[in-house]
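Next up, run15.txt (compact mmCIF, N, CA and C atoms and all ligand atoms):
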```txt
# COMPACT_ATOMS: atom_id res chain seq x y z
N MET A 17 -109.72 13.37 98.49
CA MET A 17 -109.23 11.98 98.43
C MET A 17 -108.30 11.69 99.61
N LYS A 18 -108.59 10.60 100.33
CA LYS A 18 -107.75 10.24 101.48
C LYS A 18 -106.80 9.10 101.09
N ILE A 19 -105.53 9.29 101.42
CA ILE A 19 -104.51 8.35 101.00
C ILE A 19 -103.91 7.63 102.21
N ALA A 20 -103.80 6.30 102.09
CA ALA A 20 -103.07 5.50 103.07
C ALA A 20 -101.69 5.22 102.48
N ILE A 21 -100.64 5.45 103.26
CA ILE A 21 -99.29 5.24 102.75
C ILE A 21 -98.50 4.37 103.72
N GLY A 22 -97.60 3.56 103.18
CA GLY A 22 -96.77 2.73 104.03
C GLY A 22 -95.53 2.28 103.29
N ALA A 23 -94.56 1.82 104.07
CA ALA A 23 -93.32 1.32 103.49
C ALA A 23 -92.63 0.40 104.48
N ASP A 24 -91.82 -0.51 103.97
CA ASP A 24 -90.93 -1.24 104.87
C ASP A 24 -89.63 -0.42 104.98
N HIS A 25 -88.61 -0.99 105.64
CA HIS A 25 -87.35 -0.26 105.82
C HIS A 25 -86.70 0.08 104.48
N GLY A 26 -86.97 -0.74 103.47
CA GLY A 26 -86.38 -0.50 102.14
C GLY A 26 -87.02 0.66 101.40
N GLY A 27 -88.15 1.13 101.90
CA GLY A 27 -88.84 2.24 101.24
C GLY A 27 -89.03 3.45 102.12
N LEU A 28 -88.33 3.43 103.25
CA LEU A 28 -88.54 4.48 104.27
C LEU A 28 -88.28 5.89 103.75
N ARG A 29 -87.19 6.07 103.03
CA ARG A 29 -86.83 7.43 102.58
C ARG A 29 -87.76 7.93 101.49
N LEU A 30 -88.13 7.02 100.57
CA LEU A 30 -89.04 7.45 99.50
C LEU A 30 -90.43 7.74 100.08
N LYS A 31 -90.83 6.97 101.06
CA LYS A 31 -92.12 7.25 101.73
C LYS A 31 -92.12 8.66 102.29
N ALA A 32 -91.00 9.06 102.92
CA ALA A 32 -90.92 10.40 103.51
C ALA A 32 -91.05 11.47 102.42
N GLU A 33 -90.44 11.23 101.27
CA GLU A 33 -90.54 12.20 100.15
C GLU A 33 -91.98 12.31 99.67
N ILE A 34 -92.65 11.17 99.56
CA ILE A 34 -94.04 11.18 99.07
C ILE A 34 -94.97 11.83 100.10
N LEU A 35 -94.74 11.52 101.37
CA LEU A 35 -95.54 12.15 102.43
C LEU A 35 -95.40 13.67 102.39
N ALA A 36 -94.17 14.15 102.23
CA ALA A 36 -93.95 15.60 102.17
C ALA A 36 -94.68 16.19 100.97
N TYR A 37 -94.65 15.47 99.85
CA TYR A 37 -95.36 15.93 98.64
C TYR A 37 -96.87 16.01 98.90
N LEU A 38 -97.43 14.97 99.49
CA LEU A 38 -98.88 14.95 99.75
C LEU A 38 -99.27 16.06 100.72
N GLN A 39 -98.46 16.24 101.73
CA GLN A 39 -98.76 17.28 102.72
C GLN A 39 -98.67 18.67 102.11
N ALA A 40 -97.69 18.87 101.23
CA ALA A 40 -97.55 20.17 100.56
C ALA A 40 -98.76 20.46 99.67
N LYS A 41 -99.37 19.40 99.16
CA LYS A 41 -100.56 19.55 98.30
C LYS A 41 -101.86 19.51 99.10
N ASN A 42 -101.72 19.44 100.43
CA ASN A 42 -102.91 19.37 101.31
C ASN A 42 -103.80 18.17 101.00
N ILE A 43 -103.19 17.06 100.62
CA ILE A 43 -103.93 15.83 100.37
C ILE A 43 -103.93 15.03 101.68
N PRO A 44 -105.12 14.74 102.25
CA PRO A 44 -105.18 14.02 103.52
C PRO A 44 -104.53 12.63 103.38
N CYS A 45 -103.69 12.29 104.34
CA CYS A 45 -103.03 10.98 104.27
C CYS A 45 -102.71 10.48 105.67
N HIS A 46 -102.59 9.16 105.78
CA HIS A 46 -102.18 8.55 107.04
C HIS A 46 -101.00 7.64 106.76
N ASP A 47 -99.99 7.74 107.63
CA ASP A 47 -98.76 6.96 107.49
C ASP A 47 -98.86 5.69 108.34
N PHE A 48 -98.93 4.53 107.68
CA PHE A 48 -99.04 3.25 108.37
C PHE A 48 -97.67 2.67 108.76
N GLY A 49 -96.62 3.46 108.65
CA GLY A 49 -95.29 3.00 109.01
C GLY A 49 -94.58 2.34 107.82
N THR A 50 -93.44 1.82 108.02
CA THR A 50 -92.66 1.78 109.23
C THR A 50 -92.05 3.17 109.49
N TYR A 51 -91.60 3.39 110.71
CA TYR A 51 -91.16 4.73 111.06
C TYR A 51 -89.66 4.82 111.35
N THR A 52 -88.98 3.68 111.37
CA THR A 52 -87.53 3.69 111.63
C THR A 52 -86.85 2.80 110.59
N SER A 53 -85.53 2.83 110.57
CA SER A 53 -84.77 2.03 109.60
C SER A 53 -84.61 0.58 110.03
N GLU A 54 -85.17 0.22 111.17
CA GLU A 54 -85.11 -1.16 111.64
C GLU A 54 -85.84 -2.08 110.67
N SER A 55 -85.27 -3.24 110.42
CA SER A 55 -85.85 -4.17 109.46
C SER A 55 -87.23 -4.67 109.90
N VAL A 56 -88.17 -4.64 108.96
CA VAL A 56 -89.52 -5.15 109.23
C VAL A 56 -89.93 -6.06 108.07
N ASP A 57 -91.01 -6.79 108.25
CA ASP A 57 -91.51 -7.68 107.19
C ASP A 57 -92.51 -6.91 106.33
N TYR A 58 -92.18 -6.77 105.04
CA TYR A 58 -93.02 -5.93 104.17
C TYR A 58 -94.49 -6.37 104.10
N PRO A 59 -94.84 -7.67 104.23
CA PRO A 59 -96.28 -7.99 104.17
C PRO A 59 -97.08 -7.33 105.29
N ASP A 60 -96.46 -7.13 106.45
CA ASP A 60 -97.19 -6.54 107.57
C ASP A 60 -97.67 -5.12 107.23
N ILE A 61 -96.78 -4.33 106.67
CA ILE A 61 -97.13 -2.95 106.31
C ILE A 61 -98.10 -2.95 105.14
N SER A 62 -97.77 -3.77 104.15
CA SER A 62 -98.59 -3.80 102.93
C SER A 62 -100.03 -4.18 103.25
N LEU A 63 -100.20 -5.20 104.07
CA LEU A 63 -101.56 -5.66 104.38
C LEU A 63 -102.31 -4.64 105.23
N ALA A 64 -101.62 -3.91 106.08
CA ALA A 64 -102.30 -2.87 106.88
C ALA A 64 -102.86 -1.78 105.95
N VAL A 65 -102.06 -1.36 104.98
CA VAL A 65 -102.53 -0.34 104.03
C VAL A 65 -103.65 -0.91 103.16
N ALA A 66 -103.44 -2.11 102.65
CA ALA A 66 -104.42 -2.71 101.73
C ALA A 66 -105.77 -2.90 102.42
N LYS A 67 -105.76 -3.36 103.66
CA LYS A 67 -107.02 -3.57 104.38
C LYS A 67 -107.72 -2.24 104.65
N ALA A 68 -106.96 -1.19 104.92
CA ALA A 68 -107.55 0.13 105.16
C ALA A 68 -108.21 0.66 103.89
N VAL A 69 -107.61 0.40 102.75
CA VAL A 69 -108.20 0.84 101.47
C VAL A 69 -109.41 -0.05 101.14
N ALA A 70 -109.25 -1.35 101.27
CA ALA A 70 -110.35 -2.27 100.94
C ALA A 70 -111.56 -2.02 101.84
N GLY A 71 -111.30 -1.62 103.08
CA GLY A 71 -112.38 -1.35 104.04
C GLY A 71 -113.06 -0.02 103.85
N GLY A 72 -112.53 0.80 102.95
CA GLY A 72 -113.17 2.07 102.62
C GLY A 72 -112.75 3.24 103.49
N GLU A 73 -111.82 3.01 104.43
CA GLU A 73 -111.35 4.13 105.27
C GLU A 73 -110.54 5.13 104.45
N TYR A 74 -109.89 4.62 103.42
CA TYR A 74 -109.05 5.46 102.55
C TYR A 74 -109.44 5.17 101.10
N ASP A 75 -109.29 6.19 100.24
CA ASP A 75 -109.67 6.04 98.84
C ASP A 75 -108.61 5.29 98.04
N ARG A 76 -107.35 5.59 98.34
CA ARG A 76 -106.25 4.95 97.62
C ARG A 76 -105.07 4.72 98.56
N GLY A 77 -104.18 3.84 98.13
CA GLY A 77 -102.99 3.56 98.92
C GLY A 77 -101.72 3.66 98.09
N ILE A 78 -100.64 3.98 98.77
CA ILE A 78 -99.31 4.00 98.14
C ILE A 78 -98.38 3.22 99.07
N ILE A 79 -97.71 2.20 98.53
CA ILE A 79 -96.84 1.37 99.37
C ILE A 79 -95.48 1.22 98.70
N ILE A 80 -94.45 1.41 99.50
CA ILE A 80 -93.08 1.39 99.01
C ILE A 80 -92.28 0.30 99.72
N CYS A 81 -91.49 -0.46 98.95
CA CYS A 81 -90.47 -1.32 99.55
C CYS A 81 -89.21 -1.16 98.71
N GLY A 82 -88.28 -2.09 98.82
CA GLY A 82 -87.04 -1.94 98.06
C GLY A 82 -87.30 -1.98 96.57
N THR A 83 -88.10 -2.95 96.15
CA THR A 83 -88.39 -3.11 94.72
C THR A 83 -89.83 -2.75 94.35
N GLY A 84 -90.70 -2.70 95.31
CA GLY A 84 -92.13 -2.53 95.05
C GLY A 84 -92.84 -3.84 94.77
N ILE A 85 -92.08 -4.91 94.62
CA ILE A 85 -92.66 -6.20 94.22
C ILE A 85 -93.36 -6.88 95.40
N GLY A 86 -92.64 -7.02 96.50
CA GLY A 86 -93.21 -7.75 97.64
C GLY A 86 -94.49 -7.12 98.15
N VAL A 87 -94.49 -5.80 98.28
CA VAL A 87 -95.70 -5.13 98.80
C VAL A 87 -96.86 -5.24 97.81
N SER A 88 -96.54 -5.30 96.53
CA SER A 88 -97.58 -5.46 95.51
C SER A 88 -98.20 -6.85 95.59
N ILE A 89 -97.36 -7.86 95.67
CA ILE A 89 -97.86 -9.24 95.77
C ILE A 89 -98.75 -9.39 97.00
N ALA A 90 -98.29 -8.86 98.13
CA ALA A 90 -99.06 -8.99 99.37
C ALA A 90 -100.38 -8.23 99.28
N ALA A 91 -100.35 -7.00 98.81
CA ALA A 91 -101.57 -6.17 98.76
C ALA A 91 -102.62 -6.82 97.86
N ASN A 92 -102.19 -7.46 96.79
CA ASN A 92 -103.14 -8.05 95.85
C ASN A 92 -103.82 -9.31 96.39
N LYS A 93 -103.41 -9.76 97.56
CA LYS A 93 -104.11 -10.88 98.22
C LYS A 93 -105.37 -10.42 98.95
N VAL A 94 -105.51 -9.10 99.12
CA VAL A 94 -106.66 -8.56 99.85
C VAL A 94 -107.81 -8.33 98.87
N LYS A 95 -108.98 -8.85 99.22
CA LYS A 95 -110.15 -8.73 98.35
C LYS A 95 -110.47 -7.26 98.06
N GLY A 96 -110.63 -6.96 96.80
CA GLY A 96 -110.99 -5.59 96.41
C GLY A 96 -109.80 -4.72 96.06
N ILE A 97 -108.60 -5.26 96.30
CA ILE A 97 -107.40 -4.47 96.01
C ILE A 97 -106.86 -4.77 94.62
N ARG A 98 -106.55 -3.71 93.90
CA ARG A 98 -105.86 -3.80 92.62
C ARG A 98 -104.60 -2.96 92.74
N ALA A 99 -103.52 -3.61 93.16
CA ALA A 99 -102.26 -2.91 93.37
C ALA A 99 -101.42 -2.98 92.09
N ALA A 100 -100.89 -1.84 91.69
CA ALA A 100 -100.08 -1.77 90.47
C ALA A 100 -98.67 -1.30 90.80
N LEU A 101 -97.70 -2.07 90.37
CA LEU A 101 -96.29 -1.70 90.52
C LEU A 101 -95.91 -0.86 89.31
N CYS A 102 -95.61 0.40 89.51
CA CYS A 102 -95.33 1.32 88.40
C CYS A 102 -94.02 2.05 88.61
N HIS A 103 -93.15 1.94 87.63
CA HIS A 103 -91.88 2.67 87.68
C HIS A 103 -91.74 3.62 86.51
N ASP A 104 -92.86 3.90 85.84
CA ASP A 104 -92.86 4.93 84.80
C ASP A 104 -94.22 5.60 84.80
N VAL A 105 -94.28 6.81 84.27
CA VAL A 105 -95.49 7.62 84.34
C VAL A 105 -96.60 7.03 83.46
N TYR A 106 -96.24 6.48 82.31
CA TYR A 106 -97.26 5.90 81.42
C TYR A 106 -97.99 4.74 82.09
N SER A 107 -97.24 3.85 82.71
CA SER A 107 -97.87 2.71 83.40
C SER A 107 -98.77 3.19 84.53
N ALA A 108 -98.31 4.22 85.23
CA ALA A 108 -99.13 4.76 86.33
C ALA A 108 -100.46 5.28 85.78
N GLN A 109 -100.40 6.00 84.68
CA GLN A 109 -101.63 6.52 84.06
C GLN A 109 -102.54 5.37 83.62
N MET A 110 -101.97 4.38 82.96
CA MET A 110 -102.77 3.26 82.47
C MET A 110 -103.33 2.42 83.61
N SER A 111 -102.58 2.32 84.70
CA SER A 111 -103.08 1.52 85.84
C SER A 111 -104.35 2.13 86.41
N ARG A 112 -104.52 3.42 86.24
CA ARG A 112 -105.74 4.07 86.68
C ARG A 112 -106.82 3.99 85.59
N GLU A 113 -106.47 4.38 84.36
CA GLU A 113 -107.47 4.44 83.28
C GLU A 113 -108.04 3.07 82.95
N HIS A 114 -107.19 2.06 82.87
CA HIS A 114 -107.62 0.75 82.40
C HIS A 114 -107.90 -0.24 83.52
N ASN A 115 -107.13 -0.15 84.60
CA ASN A 115 -107.20 -1.17 85.65
C ASN A 115 -107.86 -0.69 86.94
N ASP A 116 -108.15 0.60 87.01
CA ASP A 116 -108.73 1.19 88.22
C ASP A 116 -107.92 0.79 89.46
N ALA A 117 -106.61 0.85 89.33
CA ALA A 117 -105.74 0.48 90.45
C ALA A 117 -106.04 1.36 91.65
N ASN A 118 -106.20 0.73 92.80
CA ASN A 118 -106.46 1.52 94.01
C ASN A 118 -105.25 1.56 94.94
N ILE A 119 -104.20 0.85 94.57
CA ILE A 119 -102.93 0.96 95.29
C ILE A 119 -101.80 1.07 94.27
N LEU A 120 -100.89 2.00 94.53
CA LEU A 120 -99.67 2.18 93.74
C LEU A 120 -98.50 1.67 94.56
N THR A 121 -97.67 0.84 93.95
CA THR A 121 -96.46 0.42 94.65
C THR A 121 -95.23 0.81 93.82
N MET A 122 -94.16 1.11 94.52
CA MET A 122 -92.89 1.48 93.87
C MET A 122 -91.73 0.98 94.72
N GLY A 123 -90.56 0.92 94.08
CA GLY A 123 -89.36 0.46 94.76
C GLY A 123 -88.35 1.58 94.92
N GLU A 124 -88.00 1.86 96.18
CA GLU A 124 -87.02 2.93 96.44
C GLU A 124 -85.65 2.61 95.86
N ARG A 125 -85.35 1.30 95.72
CA ARG A 125 -84.03 0.91 95.21
C ARG A 125 -84.02 0.85 93.69
N VAL A 126 -85.16 1.20 93.08
CA VAL A 126 -85.28 1.09 91.62
C VAL A 126 -85.31 2.46 90.94
N ILE A 127 -86.08 3.40 91.52
CA ILE A 127 -86.20 4.73 90.91
C ILE A 127 -85.89 5.82 91.93
N GLY A 128 -85.57 7.00 91.42
CA GLY A 128 -85.26 8.14 92.27
C GLY A 128 -86.53 8.89 92.65
N PRO A 129 -86.40 9.82 93.60
CA PRO A 129 -87.58 10.54 94.10
C PRO A 129 -88.24 11.44 93.05
N GLY A 130 -87.48 12.00 92.13
CA GLY A 130 -88.08 12.88 91.12
C GLY A 130 -89.08 12.13 90.26
N LEU A 131 -88.67 10.98 89.75
CA LEU A 131 -89.57 10.16 88.93
C LEU A 131 -90.72 9.63 89.78
N ALA A 132 -90.41 9.22 90.99
CA ALA A 132 -91.46 8.67 91.87
C ALA A 132 -92.56 9.71 92.11
N LEU A 133 -92.20 10.94 92.32
CA LEU A 133 -93.22 11.98 92.57
C LEU A 133 -94.01 12.29 91.31
N ALA A 134 -93.36 12.22 90.15
CA ALA A 134 -94.10 12.41 88.89
C ALA A 134 -95.10 11.28 88.70
N ILE A 135 -94.72 10.08 89.08
CA ILE A 135 -95.62 8.92 89.01
C ILE A 135 -96.81 9.11 89.96
N VAL A 136 -96.52 9.53 91.18
CA VAL A 136 -97.59 9.76 92.16
C VAL A 136 -98.56 10.81 91.65
N GLU A 137 -98.03 11.91 91.13
CA GLU A 137 -98.89 13.00 90.64
C GLU A 137 -99.82 12.49 89.54
N LYS A 138 -99.27 11.80 88.57
CA LYS A 138 -100.10 11.29 87.46
C LYS A 138 -101.11 10.27 87.96
N TRP A 139 -100.68 9.40 88.86
CA TRP A 139 -101.55 8.33 89.36
C TRP A 139 -102.73 8.91 90.14
N LEU A 140 -102.48 9.97 90.91
CA LEU A 140 -103.55 10.57 91.72
C LEU A 140 -104.53 11.37 90.87
N GLU A 141 -104.05 11.96 89.79
CA GLU A 141 -104.94 12.84 89.01
C GLU A 141 -105.72 12.09 87.92
N THR A 142 -105.37 10.83 87.67
CA THR A 142 -105.99 10.10 86.56
C THR A 142 -107.19 9.28 87.05
N GLY A 143 -108.29 9.40 86.32
CA GLY A 143 -109.50 8.66 86.66
C GLY A 143 -109.61 7.35 85.89
N PHE A 144 -110.56 6.53 86.31
CA PHE A 144 -110.83 5.25 85.64
C PHE A 144 -111.67 5.54 84.38
N ALA A 145 -111.29 4.92 83.27
CA ALA A 145 -111.97 5.19 82.00
C ALA A 145 -113.32 4.50 81.92
N GLY A 146 -113.54 3.42 82.67
CA GLY A 146 -114.82 2.71 82.64
C GLY A 146 -115.03 2.01 81.30
N GLY A 147 -116.30 1.92 80.87
CA GLY A 147 -116.62 1.27 79.60
C GLY A 147 -116.16 -0.17 79.57
N ARG A 148 -115.46 -0.55 78.50
CA ARG A 148 -115.00 -1.94 78.36
C ARG A 148 -114.06 -2.34 79.51
N HIS A 149 -113.40 -1.35 80.08
CA HIS A 149 -112.48 -1.65 81.19
C HIS A 149 -113.24 -2.04 82.46
N GLU A 150 -114.43 -1.50 82.58
CA GLU A 150 -115.29 -1.86 83.72
C GLU A 150 -115.57 -3.37 83.68
N ARG A 151 -115.91 -3.86 82.49
CA ARG A 151 -116.20 -5.29 82.33
C ARG A 151 -114.97 -6.14 82.68
N ARG A 152 -113.80 -5.69 82.22
CA ARG A 152 -112.58 -6.46 82.43
C ARG A 152 -112.17 -6.47 83.90
N VAL A 153 -112.26 -5.31 84.52
CA VAL A 153 -111.93 -5.25 85.96
C VAL A 153 -112.95 -6.08 86.75
N GLY A 154 -114.20 -6.08 86.27
CA GLY A 154 -115.23 -6.89 86.92
C GLY A 154 -114.88 -8.37 86.89
N LYS A 155 -114.28 -8.80 85.79
CA LYS A 155 -113.89 -10.22 85.68
C LYS A 155 -112.79 -10.57 86.68
N ILE A 156 -111.94 -9.61 86.98
CA ILE A 156 -110.92 -9.85 88.01
C ILE A 156 -111.59 -9.98 89.36
N GLY A 157 -112.58 -9.12 89.60
CA GLY A 157 -113.31 -9.18 90.87
C GLY A 157 -114.03 -10.50 91.06
N GLN A 158 -114.52 -11.07 89.96
CA GLN A 158 -115.22 -12.36 90.07
C GLN A 158 -114.30 -13.47 90.58
N LEU A 159 -113.01 -13.33 90.36
CA LEU A 159 -112.05 -14.33 90.85
C LEU A 159 -112.00 -14.36 92.37
N GLU A 160 -112.45 -13.28 92.98
CA GLU A 160 -112.37 -13.18 94.43
C GLU A 160 -113.58 -13.79 95.12
N GLU A 161 -114.60 -14.16 94.35
CA GLU A 161 -115.85 -14.64 94.97
C GLU A 161 -115.78 -16.12 95.30
C1 LIG B 1 -86.20 -5.89 101.99
O1 LIG B 1 -84.84 -6.15 101.99
C2 LIG B 1 -86.76 -6.16 100.60
O2 LIG B 1 -86.84 -7.53 100.38
C3 LIG B 1 -88.13 -5.52 100.45
O3 LIG B 1 -88.03 -4.14 100.66
C4 LIG B 1 -88.80 -5.65 99.10
O4 LIG B 1 -87.94 -5.26 98.07
C5 LIG B 1 -89.44 -6.94 98.83
O5 LIG B 1 -90.05 -7.17 97.77
```
Write the structure described by the file as structure tokens, please.
Amino acid sequence: MKIAIGADHGGLRLKAEILAYLQAKNIPCHDFGTYTSESVDYPDISLAVAKAVAGGEYDRGIIICGTGIGVSIAANKVKGIRAALCHDVYSAQMSREHNDANILTMGERVIGPGLALAIVEKWLETGFAGGRHERRVGKIGQLEE
């Protein structure tokens, strides 16, 4: 599984923690920035990751900002993206099983790195349940046509 990851300045440190985690697990990933603490506009990073996932270059994306909200709103504007803002492990699991979320967003100013990594682990290992959820996710996709 190839992961696209990105963050604005508000998520820079948590992005580094997640990158280190992915690299330690030998999970292929690409860092779409930002790379310094200089202020940037979160839609720019979010849309770069979302387009890379929607285009099929990457299987899933992880995007961090201060709250996780702005990057989630922006990513969900891209056709084919189902970005889920998750700050607990249960929601992360459900976002995969029920919603087939292909992007996970989190807020560095909301949760600590320990919980964030537990969320990432659960989100990456959980598959889509399909069945009735396939129909429901399909109805979301129809909104994009
Ligand atoms: C940046 O200050 C902050 O607005 C951003 O990281 C994010 O929280 C937006 O939703």
Using all atoms listed in the file, which protein or nucleic acid residues are at most 6 Å from ligand LIG 1 (chain B), as a ChimeraX atom specification?
-> /A:24-27,81-87
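Atom CA of A:Asp60 is found 25.1 Å from atom N of A:Gln158.
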May I have the residues within 8 Å of A:Val105 as a list in words, using all atoms listed in the file and disregarding those fewer than 2 positions away in the same chain?
-> Cys102, His103, Ser107, Ala108, Gln109, Met110, Ser111, Leu131, Ala134, Ile135, Val136, Lys138 and Trp139 of chain A
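With distances taken over only C-alpha atoms, A:Arg76 is the one residue among A:His149, A:His46, A:Arg76, A:Lys41 lying closest to A:Asn118.
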Can you check which residues of chain A DSSP gives as strand (DSSP E or B) on the backbone and send them as a VMD selection string?
-> chain A and resid 19 to 23 45 to 47 76 to 81 99 to 101 119 to 123
Would you list, as a VMD selection string, the residues of stretch 31-160 of chain A that end up in helix (DSSP H, G or I) under DSSP run on this structure's backbone?
-> chain A and resid 31 to 40 58 to 70 85 to 91 105 to 113 129 to 141 148 to 158
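Atom C of A:Leu120 lies 5.1 Å from atom C of A:Ile79.
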As JSON, please: the centre and edge lengths in Å, to one decimal, of an axis-aligned box enclosing every listed atom of stretch 53-68 of chain A with 8 Å added on each side.
```
{"center_x": -96.4, "center_y": -2.6, "center_z": 106.7, "size_x": 39.6, "size_y": 26.8, "size_z": 25.9}
```
Please provide as a count of residues only all residues within 5 Å of A:Lys18, with the sequence filter that same-chain residues fewer than 3 positions apart are discarded (counting all atoms listed in the file).
-> 4
Within 6.5 Å of A:Arg98, counting all atoms listed in the file, which residues show up once you throw out same-chain ones fewer than 5 positions away? Write them as number ranges by chain, please.
-> A: 91-92, 116-120
Excluding A:Ile43 and residues on its chain fewer than 3 positions from it, collect all residues at most 7 Å away from it, counting all atoms listed in the file, and give them as a ChimeraX atom specification.
-> /A:17-19,37-40
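Going from atom CA of A:Thr50 over to atom C of A:Ile21, you cover 8.4 Å.
Restricting the calculation to all atoms listed in the file, the smallest distance between A:Ala145 and any of A:Glu160, A:Glu113, A:Ala68, A:Leu35 is found for A:Glu113.
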What lies within 8 Å of stretch 146-148 of chain A using only N, CA and C atoms, ignoring chain neighbours under 2 positions off, as number ranges by chain?
-> A: 112-116, 143-144, 150-154
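Compared by their closest atoms to A:Gly128, and using only N, CA and C atoms, the residues A:Ala70, A:Ala36, A:Leu30, A:Val94 rank with A:Leu30 nearest.
Checking A:Leu28, A:Ala20, A:Gly157, A:Glu137 one by one against A:Asp47, counting only N, CA and C atoms, you find the shortest gap at A:Ala20.
Of the residues under consideration (A:Ser88, A:Ile34, A:Ser62, A:Gly22), A:Gly22 shows the shortest atom-to-atom contact distance to A:Phe48 when counting only C-alpha atoms.
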I need stretch 135-149 of chain A written out with N, CA and C atoms, as a PDB file, in the first residue's frame; please produce it.
```
ATOM      1  N   ILE A 135      -4.405   5.509  15.870  1.00  0.00           N
ATOM      2  CA  ILE A 135      -5.437   5.759  14.853  1.00  0.00           C
ATOM      3  C   ILE A 135      -4.921   5.366  13.464  1.00  0.00           C
ATOM      4  N   VAL A 136      -3.707   5.784  13.154  1.00  0.00           N
ATOM      5  CA  VAL A 136      -3.115   5.452  11.850  1.00  0.00           C
ATOM      6  C   VAL A 136      -3.019   3.936  11.682  1.00  0.00           C
ATOM      7  N   GLU A 137      -2.540   3.257  12.718  1.00  0.00           N
ATOM      8  CA  GLU A 137      -2.378   1.800  12.643  1.00  0.00           C
ATOM      9  C   GLU A 137      -3.717   1.122  12.357  1.00  0.00           C
ATOM     10  N   LYS A 138      -4.733   1.490  13.102  1.00  0.00           N
ATOM     11  CA  LYS A 138      -6.057   0.875  12.913  1.00  0.00           C
ATOM     12  C   LYS A 138      -6.618   1.212  11.538  1.00  0.00           C
ATOM     13  N   TRP A 139      -6.448   2.454  11.124  1.00  0.00           N
ATOM     14  CA  TRP A 139      -7.004   2.912   9.841  1.00  0.00           C
ATOM     15  C   TRP A 139      -6.350   2.182   8.675  1.00  0.00           C
ATOM     16  N   LEU A 140      -5.044   1.940   8.773  1.00  0.00           N
ATOM     17  CA  LEU A 140      -4.334   1.268   7.674  1.00  0.00           C
ATOM     18  C   LEU A 140      -4.648  -0.219   7.608  1.00  0.00           C
ATOM     19  N   GLU A 141      -4.908  -0.832   8.754  1.00  0.00           N
ATOM     20  CA  GLU A 141      -5.102  -2.293   8.757  1.00  0.00           C
ATOM     21  C   GLU A 141      -6.560  -2.701   8.504  1.00  0.00           C
ATOM     22  N   THR A 142      -7.480  -1.752   8.533  1.00  0.00           N
ATOM     23  CA  THR A 142      -8.904  -2.086   8.435  1.00  0.00           C
ATOM     24  C   THR A 142      -9.385  -2.006   6.983  1.00  0.00           C
ATOM     25  N   GLY A 143     -10.091  -3.039   6.554  1.00  0.00           N
ATOM     26  CA  GLY A 143     -10.635  -3.073   5.200  1.00  0.00           C
ATOM     27  C   GLY A 143     -12.073  -2.577   5.135  1.00  0.00           C
ATOM     28  N   PHE A 144     -12.545  -2.372   3.919  1.00  0.00           N
ATOM     29  CA  PHE A 144     -13.929  -1.950   3.685  1.00  0.00           C
ATOM     30  C   PHE A 144     -14.837  -3.180   3.806  1.00  0.00           C
ATOM     31  N   ALA A 145     -15.941  -3.029   4.519  1.00  0.00           N
ATOM     32  CA  ALA A 145     -16.834  -4.168   4.764  1.00  0.00           C
ATOM     33  C   ALA A 145     -17.672  -4.509   3.541  1.00  0.00           C
ATOM     34  N   GLY A 146     -17.898  -3.557   2.635  1.00  0.00           N
ATOM     35  CA  GLY A 146     -18.700  -3.817   1.437  1.00  0.00           C
ATOM     36  C   GLY A 146     -20.170  -4.046   1.787  1.00  0.00           C
ATOM     37  N   GLY A 147     -20.841  -4.909   1.000  1.00  0.00           N
ATOM     38  CA  GLY A 147     -22.249  -5.203   1.247  1.00  0.00           C
ATOM     39  C   GLY A 147     -23.112  -3.958   1.191  1.00  0.00           C
ATOM     40  N   ARG A 148     -23.956  -3.768   2.206  1.00  0.00           N
ATOM     41  CA  ARG A 148     -24.855  -2.608   2.220  1.00  0.00           C
ATOM     42  C   ARG A 148     -24.079  -1.286   2.206  1.00  0.00           C
ATOM     43  N   HIS A 149     -22.854  -1.338   2.708  1.00  0.00           N
ATOM     44  CA  HIS A 149     -22.042  -0.112   2.733  1.00  0.00           C
ATOM     45  C   HIS A 149     -21.584   0.281   1.334  1.00  0.00           C
TER      46      HIS A 149
END
```
